[in-house]
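S.K.: Handing over my_file_4.cif, mmCIF, C-alpha atoms.
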data_work
loop_
_atom_site.label_atom_id
_atom_site.label_comp_id
_atom_site.auth_asym_id
_atom_site.auth_seq_id
_atom_site.Cartn_x
_atom_site.Cartn_y
_atom_site.Cartn_z
CA MET A 1 50.95 55.12 150.95
CA GLN A 2 53.27 58.12 151.19
CA LYS A 3 50.26 60.37 150.98
CA GLU A 4 48.63 58.55 153.87
CA GLU A 5 51.81 58.79 155.88
CA ASN A 6 52.11 62.50 155.10
CA ALA A 7 48.45 63.00 155.96
CA LYS A 8 49.10 61.59 159.41
CA LYS A 9 51.93 64.04 159.95
CA GLU A 10 51.50 67.71 160.56
CA ALA A 11 50.86 69.47 157.25
CA ALA A 12 54.03 70.81 155.65
CA PRO A 13 54.43 73.22 152.75
CA VAL A 14 54.71 71.52 149.37
CA MET A 15 58.16 73.05 148.90
CA LYS A 16 59.32 71.47 152.14
CA ARG A 17 57.98 68.08 151.07
CA LEU A 18 59.97 68.47 147.85
CA ALA A 19 63.04 70.03 149.46
CA ARG A 20 66.42 68.46 148.88
CA PRO A 21 68.62 67.27 151.75
CA MET A 22 71.84 69.21 151.68
CA SER A 23 75.17 68.49 153.27
CA GLN A 24 76.81 71.36 155.10
CA GLU A 25 79.30 71.67 152.27
CA GLU A 26 76.58 71.84 149.64
CA LEU A 27 74.68 74.29 151.75
CA HIS A 28 77.73 76.46 152.07
CA ASN A 29 78.50 76.47 148.40
CA VAL A 30 75.43 75.88 146.33
CA VAL A 31 72.59 77.74 147.95
CA GLY A 32 72.55 81.30 146.79
CA ALA A 33 75.40 80.71 144.41
CA THR A 34 73.60 81.39 141.20
CA GLU A 35 70.22 82.67 142.16
CA GLY A 36 69.26 86.24 142.61
CA CYS A 37 69.47 86.86 146.31
CA ALA A 38 67.08 89.66 147.04
CA PRO A 39 68.57 93.08 147.66
CA SER A 40 67.02 93.07 151.08
CA TYR A 41 68.66 90.46 153.24
CA GLY A 42 65.50 90.17 155.21
CA ASP A 43 63.78 88.65 152.21
CA THR A 44 65.96 85.62 151.78
CA HIS A 45 67.24 82.77 153.84
CA SER A 46 69.55 81.53 151.17
CA TYR A 47 72.55 83.56 152.18
CA ARG A 48 72.79 82.78 155.85
CA PRO A 49 74.15 86.18 156.82
CA SER A 50 74.84 85.04 160.35
CA ASP A 51 77.60 82.79 159.08
CA ALA A 52 81.09 83.76 158.18
CA PRO A 53 81.08 85.11 154.66
CA ASP A 54 83.13 83.36 152.05
CA TYR A 55 83.86 83.47 148.41
CA ALA A 56 81.17 81.06 147.32
CA PHE A 57 79.88 81.89 143.89
CA MET B 1 89.96 110.63 141.18
CA GLU B 2 86.55 109.43 140.03
CA HIS B 3 84.83 107.58 142.80
CA PHE B 4 82.00 105.06 142.66
CA LEU B 5 79.74 103.89 145.43
CA ILE B 6 79.02 100.26 146.05
CA ILE B 7 76.12 99.60 148.37
CA GLY B 8 77.20 96.24 149.65
CA GLU B 9 79.66 94.52 151.84
CA ARG B 10 83.24 93.51 151.73
CA GLY B 11 83.15 89.74 151.80
CA ASP B 12 80.53 89.47 149.08
CA LEU B 13 82.42 88.05 146.12
CA HIS B 14 80.78 90.24 143.51
CA ALA B 15 81.12 93.49 145.46
CA ASP B 16 84.64 92.66 146.50
CA TYR B 17 85.81 91.75 143.01
CA VAL B 18 84.34 94.92 141.51
CA GLY B 19 85.79 97.11 144.26
CA TRP B 20 89.22 95.58 143.81
CA ALA B 21 89.07 95.72 139.99
CA LEU B 22 88.09 99.40 140.10
CA GLU B 23 91.03 100.16 142.35
CA GLN B 24 93.39 98.31 140.02
CA ALA B 25 92.06 100.37 137.12
CA GLY B 26 92.66 103.66 138.93
CA PHE B 27 89.16 104.37 140.15
CA GLU B 28 88.10 104.81 143.75
CA PRO B 29 85.34 102.54 145.05
CA LYS B 30 83.58 103.43 148.29
CA PHE B 31 81.57 100.83 150.08
CA ILE B 32 78.37 101.66 151.88
CA ASN B 33 76.96 99.29 154.43
CA SER B 34 75.74 99.39 157.96
CA SER B 35 78.84 98.12 159.71
CA HIS B 36 81.12 100.41 161.67
CA GLU B 37 83.95 100.15 159.23
CA ASN B 38 82.21 101.58 156.22
CA SER B 39 79.11 103.30 157.49
CA PRO B 40 78.76 107.03 156.89
CA THR B 41 79.18 107.88 160.55
CA SER B 42 81.65 110.56 159.52
CA SER B 43 78.70 112.40 157.98
CA THR B 44 76.97 115.00 160.06
CA LEU B 45 73.57 116.14 158.91
CA TYR B 46 71.94 119.47 159.56
CA VAL B 47 68.75 121.19 158.50
CA ASP B 48 67.03 124.46 159.46
CA ASP B 49 64.87 127.02 157.71
CA GLU B 50 67.72 128.12 155.44
CA VAL B 51 70.14 125.23 155.34
CA ASP B 52 69.55 121.73 154.04
CA GLU B 53 72.48 119.49 154.71
CA LEU B 54 70.55 116.27 155.08
CA GLY B 55 72.77 114.16 152.93
CA SER B 56 76.29 112.95 152.54
CA GLU B 57 78.29 115.15 150.19
CA ASP B 58 80.78 112.36 149.72
CA TRP B 59 78.02 110.23 148.29
CA THR B 60 76.30 112.75 146.10
CA ASN B 61 79.60 113.58 144.36
CA ALA B 62 80.05 110.01 143.20
CA GLU B 63 80.00 109.23 139.50
CA ALA B 64 77.64 106.30 139.88
CA VAL B 65 76.21 103.95 142.49
CA TRP B 66 75.89 100.20 142.29
CA CYS B 67 73.28 98.85 144.67
CA ARG B 68 74.59 95.35 145.08
CA ARG B 69 72.84 94.67 148.41
CA LEU B 70 71.00 97.02 150.68
CA PRO B 71 72.42 97.18 154.20
CA LYS B 72 71.29 94.20 156.18
CA PRO B 73 69.51 94.57 159.48
CA PRO B 74 71.87 93.80 162.35
CA GLY B 75 71.64 90.22 163.52
CA SER B 76 72.08 88.86 166.98
CA ASP B 77 75.77 88.27 167.53
CA LYS B 78 76.60 86.43 170.74
CA ASN B 79 79.79 88.45 171.09
CA LEU B 80 78.16 91.85 170.93
CA GLY B 81 79.07 94.30 173.62
CA GLU B 82 76.46 95.88 175.85
CA ASP B 83 75.79 98.87 173.58
CA ASP B 84 76.62 97.31 170.22
CA GLY B 85 73.12 96.07 169.43
CA PHE B 86 71.65 99.52 169.84
CA VAL B 87 74.45 101.23 167.94
CA LEU B 88 74.24 98.80 165.00
CA ALA B 89 70.45 99.15 164.78
CA GLU B 90 70.71 102.94 164.76
CA GLU B 91 73.50 102.88 162.19
CA TYR B 92 71.48 100.55 160.01
CA ARG B 93 68.61 103.02 159.89
CA PHE B 94 70.96 105.96 159.41
CA THR B 95 72.53 104.28 156.40
CA ARG B 96 69.25 103.09 154.88
CA TRP B 97 67.73 106.53 155.19
CA LEU B 98 70.75 108.16 153.57
CA VAL B 99 70.58 105.61 150.76
CA ASP B 100 66.91 106.52 150.32
CA LEU B 101 67.84 110.20 150.09
CA LEU B 102 70.50 109.39 147.54
CA GLU B 103 67.77 108.17 145.21
CA ASP B 104 66.65 111.79 144.83
CA HIS B 105 70.00 112.90 143.45
CA PRO B 106 70.73 113.00 139.72
CA ILE B 107 73.27 110.24 139.95
CA ARG B 108 73.62 107.21 137.74
CA TRP B 109 72.47 104.02 139.42
CA ILE B 110 72.86 100.39 138.66
CA ASN B 111 69.36 99.77 139.86
CA ARG B 112 67.80 102.30 142.13
CA PRO B 113 66.94 100.44 145.34
CA SER B 114 63.23 101.21 145.11
CA ALA B 115 63.06 99.99 141.51
CA SER B 116 65.11 96.94 142.37
CA VAL B 117 62.80 95.92 145.18
CA ARG B 118 59.74 96.38 142.99
CA ALA B 119 61.29 94.49 140.08
CA GLU B 120 61.82 91.47 142.31
CA ASN B 121 58.08 90.88 142.18
CA LYS B 122 57.72 87.75 140.08
CA PHE B 123 54.05 88.38 139.38
CA LEU B 124 54.92 91.78 137.98
CA GLN B 125 57.68 90.18 135.93
CA LEU B 126 55.32 87.64 134.37
CA LYS B 127 52.69 90.24 133.57
CA ARG B 128 55.20 92.62 132.03
CA ALA B 129 57.09 89.91 130.15
CA ARG B 130 53.83 88.73 128.64
CA ALA B 131 52.81 92.29 127.79
CA TYR B 132 56.11 92.83 125.96
CA GLY B 133 55.70 89.73 123.87
CA LEU B 134 57.90 87.26 125.72
CA THR B 135 56.76 83.68 126.08
CA VAL B 136 56.05 82.75 129.68
CA PRO B 137 54.99 79.41 131.19
CA ARG B 138 51.37 78.88 132.14
CA THR B 139 51.47 79.72 135.82
CA LEU B 140 49.21 78.96 138.75
CA VAL B 141 49.83 80.41 142.19
CA THR B 142 47.63 78.76 144.74
CA ALA B 143 47.17 77.02 148.07
CA LYS B 144 43.95 75.35 146.95
CA PRO B 145 44.26 71.59 146.41
CA GLU B 146 41.46 71.43 143.83
CA GLN B 147 43.06 74.18 141.74
CA LEU B 148 46.37 72.36 141.71
CA LYS B 149 44.74 69.05 140.84
CA THR B 150 42.90 70.57 137.89
CA PHE B 151 46.09 72.28 136.67
CA LEU B 152 48.00 69.04 137.02
CA GLU B 153 45.34 67.12 135.07
CA CYS B 154 45.62 69.63 132.23
CA GLU B 155 49.42 69.78 132.21
CA GLY B 156 50.31 66.18 133.04
CA SER B 157 53.21 67.37 135.17
CA VAL B 158 54.13 70.80 136.50
CA VAL B 159 57.04 72.60 138.08
CA ALA B 160 56.73 73.78 141.68
CA LYS B 161 58.91 76.56 143.00
CA PRO B 162 58.96 78.97 145.92
CA PHE B 163 58.87 82.73 145.67
CA CYS B 164 62.31 82.76 147.24
CA GLY B 165 64.81 80.10 148.20
CA TYR B 166 64.67 78.78 151.74
CA THR B 167 66.67 76.36 153.83
CA TRP B 168 65.55 74.48 156.92
CA GLU B 169 68.55 73.94 159.12
CA TYR B 170 68.27 71.63 162.10
CA PRO B 171 70.47 71.42 165.20
CA SER B 172 71.54 67.94 164.06
CA GLY B 173 73.27 69.54 161.09
CA GLU B 174 70.70 68.25 158.64
CA ALA B 175 69.36 70.74 156.16
CA LEU B 176 66.65 70.88 153.52
CA SER B 177 66.74 73.38 150.68
CA THR B 178 64.11 74.38 148.18
CA PHE B 179 64.77 74.03 144.49
CA ALA B 180 62.45 73.99 141.51
CA ASN B 181 60.88 70.51 141.36
CA VAL B 182 58.71 68.52 138.99
CA ILE B 183 55.37 67.37 140.32
CA ASP B 184 53.99 64.49 138.31
CA ALA B 185 51.18 62.13 139.22
CA GLY B 186 53.50 60.07 141.40
CA THR B 187 54.78 63.04 143.36
CA ALA B 188 51.31 64.53 143.63
CA ALA B 189 50.13 61.29 145.22
CA THR B 190 52.51 61.90 148.12
CA LEU B 191 51.08 65.33 148.89
CA SER B 192 48.11 65.66 151.18
CA ASP B 193 45.51 68.36 150.66
CA ALA B 194 46.68 69.86 153.93
CA ASP B 195 50.22 70.07 152.55
CA ILE B 196 49.01 71.92 149.47
CA ALA B 197 46.87 74.21 151.59
CA ARG B 198 49.70 74.86 154.04
CA CYS B 199 51.46 77.43 151.87
CA VAL B 200 50.79 79.26 148.65
CA THR B 201 53.14 77.98 145.96
CA VAL B 202 54.01 78.73 142.34
CA TYR B 203 53.12 75.96 139.88
CA GLN B 204 54.15 76.30 136.27
CA GLN B 205 53.86 74.57 132.96
CA ARG B 206 56.81 72.22 132.58
CA ILE B 207 58.78 73.54 129.62
CA GLU B 208 60.60 70.96 127.56
CA LYS B 209 64.09 72.41 127.45
CA ILE B 210 67.43 71.55 125.90
CA ALA B 211 69.30 74.07 128.04
CA ASP B 212 68.88 76.69 130.70
CA VAL B 213 69.81 80.19 129.72
CA ARG B 214 71.20 82.89 131.99
CA MET B 215 71.11 86.36 130.51
CA LEU B 216 72.88 89.36 131.95
CA VAL B 217 71.25 92.66 131.18
CA LEU B 218 73.80 95.49 131.22
CA GLY B 219 71.83 98.51 130.10
CA GLN B 220 70.89 97.88 126.50
CA ASP B 221 73.46 95.10 126.13
CA LEU B 222 72.54 91.48 126.75
CA LEU B 223 75.10 88.76 127.51
CA THR B 224 73.44 85.42 126.98
CA TYR B 225 74.74 81.98 127.95
CA LYS B 226 73.39 78.48 127.54
CA ILE B 227 73.91 76.34 130.63
CA LEU B 228 74.27 72.68 129.74
CA GLN B 229 74.49 69.73 132.11
CA ASP B 230 76.62 66.66 131.57
CA GLY B 231 75.22 63.38 132.82
CA GLU B 232 72.33 63.58 135.21
CA GLN B 233 69.94 66.30 134.14
CA HIS B 234 68.45 68.28 136.99
CA LEU B 235 65.42 70.44 136.43
CA ASP B 236 67.18 73.01 138.59
CA TYR B 237 70.74 73.17 137.34
CA ARG B 238 71.97 74.70 140.60
CA ILE B 239 71.81 71.25 142.16
CA GLY B 240 74.85 70.26 140.12
CA PHE B 241 76.58 73.58 140.43
CA PHE B 242 79.68 72.44 142.26
CA ARG B 243 79.95 69.01 140.70
CA GLU B 244 83.19 68.81 138.80
CA ARG B 245 82.73 69.40 135.06
CA HIS B 246 78.95 68.99 135.31
CA LEU B 247 77.91 72.39 133.99
CA HIS B 248 79.07 73.92 130.73
CA TYR B 249 78.44 77.42 129.51
CA GLU B 250 78.13 78.54 125.91
CA PRO B 251 77.65 82.13 124.80
CA MET B 252 74.72 82.50 122.43
CA THR B 253 73.21 85.27 120.39
CA ILE B 254 69.54 86.04 120.25
CA PRO B 255 67.46 87.51 117.45
CA ALA B 256 67.34 91.31 117.28
CA SER B 257 63.56 91.32 117.60
CA LEU B 258 63.77 89.34 120.85
CA LYS B 259 66.49 91.65 122.16
CA THR B 260 64.24 94.63 121.48
CA ARG B 261 61.41 93.04 123.44
CA ILE B 262 63.65 92.10 126.36
CA ASN B 263 65.14 95.59 126.52
CA ALA B 264 61.66 97.12 126.55
CA PHE B 265 60.52 94.67 129.20
CA VAL B 266 63.48 95.35 131.51
CA ASN B 267 63.21 99.11 130.94
CA SER B 268 59.56 98.94 131.95
CA LEU B 269 60.65 97.59 135.33
CA GLY B 270 62.77 100.69 135.89
CA ILE B 271 66.04 98.76 136.15
CA ASN B 272 69.13 98.65 133.96
CA PHE B 273 70.76 95.51 135.32
CA ALA B 274 69.36 92.02 135.84
CA SER B 275 70.16 88.34 135.68
CA ALA B 276 67.34 86.75 133.74
CA ASP B 277 66.59 83.05 133.42
CA PHE B 278 65.04 81.35 130.41
CA ALA B 279 64.40 77.82 129.25
CA LEU B 280 65.60 77.07 125.71
CA THR B 281 63.17 74.77 123.90
CA PRO B 282 64.13 72.24 121.22
CA GLU B 283 62.57 74.65 118.71
CA GLY B 284 64.98 77.37 119.78
CA GLU B 285 62.46 79.47 121.64
CA LEU B 286 63.45 81.25 124.85
CA VAL B 287 60.76 80.96 127.52
CA PHE B 288 61.11 83.56 130.23
CA LEU B 289 61.15 82.12 133.75
CA ASP B 290 62.12 85.00 135.98
CA LEU B 291 64.78 87.60 136.63
CA ASN B 292 66.69 88.88 139.59
CA PRO B 293 67.58 92.57 139.70
CA ASN B 294 70.70 91.68 141.63
CA GLY B 295 71.39 88.17 140.50
CA GLN B 296 74.76 86.49 140.51
CA TRP B 297 76.92 86.64 137.41
CA LEU B 298 80.57 85.99 138.22
CA PHE B 299 80.04 82.25 137.84
CA LEU B 300 79.67 83.00 134.12
CA GLU B 301 83.22 84.34 134.05
CA ARG B 302 84.37 81.14 135.67
CA GLY B 303 82.56 79.15 132.97
CA CYS B 304 83.58 81.40 130.07
CA PRO B 305 86.69 83.29 131.21
CA GLU B 306 87.42 84.58 127.73
CA ASP B 307 84.19 86.59 127.82
CA GLN B 308 85.44 88.78 130.69
CA VAL B 309 82.04 89.23 132.22
CA GLY B 310 83.60 90.86 135.28
CA ALA B 311 85.45 93.47 133.24
CA LYS B 312 82.30 94.12 131.26
CA PHE B 313 80.37 94.77 134.44
CA CYS B 314 83.08 97.15 135.70
CA THR B 315 82.94 98.98 132.38
CA PHE B 316 79.19 99.23 132.71
CA LEU B 317 79.57 100.71 136.19
CA VAL B 318 82.15 103.35 135.29
CA ASN B 319 80.93 104.11 131.78
CA GLY B 320 77.20 103.48 131.82
CA GLY B 321 77.51 101.07 128.91
CA LEU B 322 79.86 98.53 127.42
CA ASP B 323 83.06 99.82 125.85
CA PRO B 324 85.56 97.17 124.67
CA SER B 325 88.41 99.71 124.82
CA LEU B 326 87.88 100.05 128.57
CA GLU B 327 87.59 96.36 129.42
CA SER B 328 91.32 95.65 129.37
CA ARG B 329 91.80 98.08 132.28
CA PHE B 330 89.98 95.73 134.63
CA PRO B 331 91.68 92.55 135.82
CA SER B 332 89.91 89.23 135.58
CA LEU B 333 88.24 87.18 138.28
CA ALA B 334 91.14 84.71 138.08
CA GLU B 335 93.61 87.50 138.81
CA PHE B 336 91.46 88.65 141.69
CA LEU B 337 91.36 85.18 143.21
CA GLU B 338 95.17 85.06 143.09
CA SER B 339 95.58 88.50 144.62
CA ASP B 340 96.92 89.40 148.04
CA HIS B 341 93.57 91.03 148.70
CA VAL B 342 91.81 87.68 148.56
CA LYS B 343 94.46 86.04 150.76
CA ALA B 344 93.90 88.75 153.36
CA MET B 345 90.12 88.38 153.17
CA GLU B 346 90.34 84.62 153.55
CA ALA B 347 92.47 85.03 156.67
CA ALA B 348 89.87 87.43 158.03
CA PHE B 349 87.07 84.95 157.25
CA ARG B 350 88.91 82.19 159.09
CA ALA B 351 89.39 84.41 162.13
CA HIS B 352 85.71 85.32 162.01
CA ALA B 353 84.68 81.66 161.76
CA GLU B 354 86.88 80.78 164.71
CA ALA B 355 85.34 83.59 166.73
CA LEU B 356 81.88 82.19 166.00
CA VAL B 357 82.66 78.84 167.62
CA ARG B 358 84.29 80.31 170.71
CA PRO B 359 82.13 80.52 173.85
CA ALA B 360 80.00 83.61 173.96
CA THR B 361 81.66 86.50 175.74
CA ASN B 362 78.84 88.97 175.61
CA TRP B 363 78.13 91.42 178.37
CA LYS B 364 75.24 89.38 179.83
CA ASN B 365 77.46 86.33 180.32
CA GLN B 366 80.18 88.46 181.86
CA GLN B 367 77.67 89.89 184.33
CA GLN B 368 76.49 86.42 185.27
CA ALA B 369 80.05 85.07 185.69
#
Could the structure of this file be written out as structure tokens, please?
M.R.:
Amino acid sequence: MQKEENAKKEAAPVMKRLARPMSQEELHNVVGATEGCAPSYGDTHSYRPSDAPDYAF
Amino acid sequence: MEHFLIIGERGDLHADYVGWALEQAGFEPKFINSSHENSPTSSTLYVDDEVDELGSEDWTNAEAVWCRRLPKPPGSDKNLGEDDGFVLAEEYRFTRWLVDLLEDHPIRWINRPSASVRAENKFLQLKRARAYGLTVPRTLVTAKPEQLKTFLECEGSVVAKPFCGYTWEYPSGEALSTFANVIDAGTAATLSDADIARCVTVYQQRIEKIADVRMLVLGQDLLTYKILQDGEQHLDYRIGFFRERHLHYEPMTIPASLKTRINAFVNSLGINFASADFALTPEGELVFLDLNPNGQWLFLERGCPEDQVGAKFCTFLVNGGLDPSLESRFPSLAEFLESDHVKAMEAAFRAHAEALVRPATNWKNQQQA
């Protein structure tokens, strides 16, 4: 059923289908906390450089 | 005074802690980034037939360089002045090109930028890890539905993960973030062929694990920690990262023969620092998942403060290797977080955040007003 519903929608990347809803707080703290974060900011969206920096781990 | 370069930004916890700890220990850190405050705009370059002064003397005299983060391209700030966008873009290139030149100098690096960028390549990592005798998961990278279906039939269930984390943020405030996920028959049934074909994705053998393992590579030294979850077990432990008392960290030792293989593997990538991730199987085997040449590591000090991971890293930066007699010179992360420096930075962050929500005052708006 879900597959049929998804098939009716515009195709989305598998990783988006499996993505986890995040609250703003989780987003602020968790994403990028423990992963690598590429040396080139342009390669990652997990750091949100446009936002105010903070001391998230 | 010995000085050390940090390619990175104030405001990044890791860079800021290390810079502060070096100062406390009597060393002089110098930050390099592409902002006005710390960019090398005081450097003047000159070259002719006889003179070659294309470089910053201040940089080349440093004892060592830590490339924490390459300068980021300037973003679009609504409060930029009329000329600021141009100036920041030019400064960004100026700094990046000087950093590139610095690679040619006989200076000790914690990851040369070029090597670091290359070592990020997860395909290269898997090939090299396998070549050096590490166990890696069976891995399929595809956007072809039939390929995934066949892989899934063979494996029963697989792990899907992106090449790099990504977050969809919507104006409503809702957000979706990628994490490593299990795809079993039930999940697969929700995916259309068009979904699978929409984007190439990494699919891997699902390793039965009793713990995740984060390993810090500091030259030839390896600091290895089990990461254990209390209660709900997430395939991707980061999901529970900020849940109170959910994650526990335990230092572990690894066999000498495995250490030798990991050292050879990391050396082959041309880097001397990395955060590597493994899955620990019930049989005690470490299965290599991936590594990040500039991964995070201070959370390990928070989990195991007695291990002084931060001081160890500082020692590695100033000494080129671990030296227990030096570690006591560097204050801990806990001391840093209690410092006046952090209080001042937090005040600056708040001011910055407040500025972001104020109405734009850029030059275009002023002209229109």
S.K.: Do you have, as a tab-separated table, the list of residues of chain B lying at most 6 Å from chain A, each with its nearest atom pair and that distance in Å to one decimal, counting all atoms listed in the file and ordered by chain then number?
M.R.:
residue	atom	partner	partner_atom	distance
B:Gly11	CA	A:Pro53	CA	5.8
B:Leu13	CA	A:Tyr55	CA	5.3
B:Arg69	CA	A:Pro39	CA	4.6
B:Leu70	CA	A:Pro39	CA	5.5
B:Lys72	CA	A:Tyr41	CA	5.4
B:Gly165	CA	A:Ser46	CA	5.8
B:Tyr166	CA	A:His45	CA	5.2
B:Ala175	CA	A:Met22	CA	5.3
B:Leu176	CA	A:Pro21	CA	4.5
B:Ser177	CA	A:Ala19	CA	5.1
B:Thr178	CA	A:Ala19	CA	4.7
B:Ala189	CA	A:Lys3	CA	5.8
B:Thr190	CA	A:Lys3	CA	3.9
B:Leu191	CA	A:Lys3	CA	5.4
B:Ser192	CA	A:Ala7	CA	5.5
B:Ala194	CA	A:Ala11	CA	5.4
B:Asp195	CA	A:Ala11	CA	4.8
B:Ile196	CA	A:Val14	CA	5.7
B:Arg198	CA	A:Pro13	CA	5.2
B:Cys199	CA	A:Pro13	CA	5.2
B:Asn292	CA	A:Gly36	CA	4.8
B:Asn294	CA	A:Gly36	CA	5.7
B:Gly295	CA	A:Gly36	CA	3.6
B:Gln296	CA	A:Thr34	CA	5.3
B:Ala353	CA	A:Ala52	CA	5.5
S.K.: Evaluate the PyMOL selection byres ((chain B and resi 287) around 6) here and jot the selected residues down as a VMD selection string.
M.R.: chain B and resid 135 to 136 278 to 279 286 288
S.K.: Between atom CA of B:Arg96 and atom CA of B:Ser56, what is the distance, to one decimal in Å?
M.R.: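 Taking atom CA of B:Arg96 and atom CA of B:Ser56, their separation equals 12.3 Å.
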S.K.: Nearest to B:Glu153: which of B:Glu338, B:Asp184, B:Glu174, B:Glu354 is it, counting all atoms listed in the file?
M.R.: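 For B:Glu153, the nearest of the candidates is B:Asp184.
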S.K.: Please provide the set of residues having any atom within 12 Å of stretch 44-51 of chain B, restricted to all atoms listed in the file, with same-chain residues fewer than 4 positions apart removed, written as JSON, numbers by chain.
M.R.: {"B": [40, 55, 56, 57, 58, 94, 97, 98]}
S.K.: Taking the file as I've supplied it (selection: the PyMOL selection byres ((chain B and resi 281) around 12)), which residues are included? Please answer as JSON, numbers by chain.
M.R.: {"B": [135, 137, 206, 207, 208, 209, 210, 211, 212, 213, 226, 278, 279, 280, 282, 283, 284, 285, 286, 287, 288]}
S.K.: What gap, in Å, lies between atom CA of B:Val99 and atom CA of B:Ala62?
M.R.: 12.9 Å
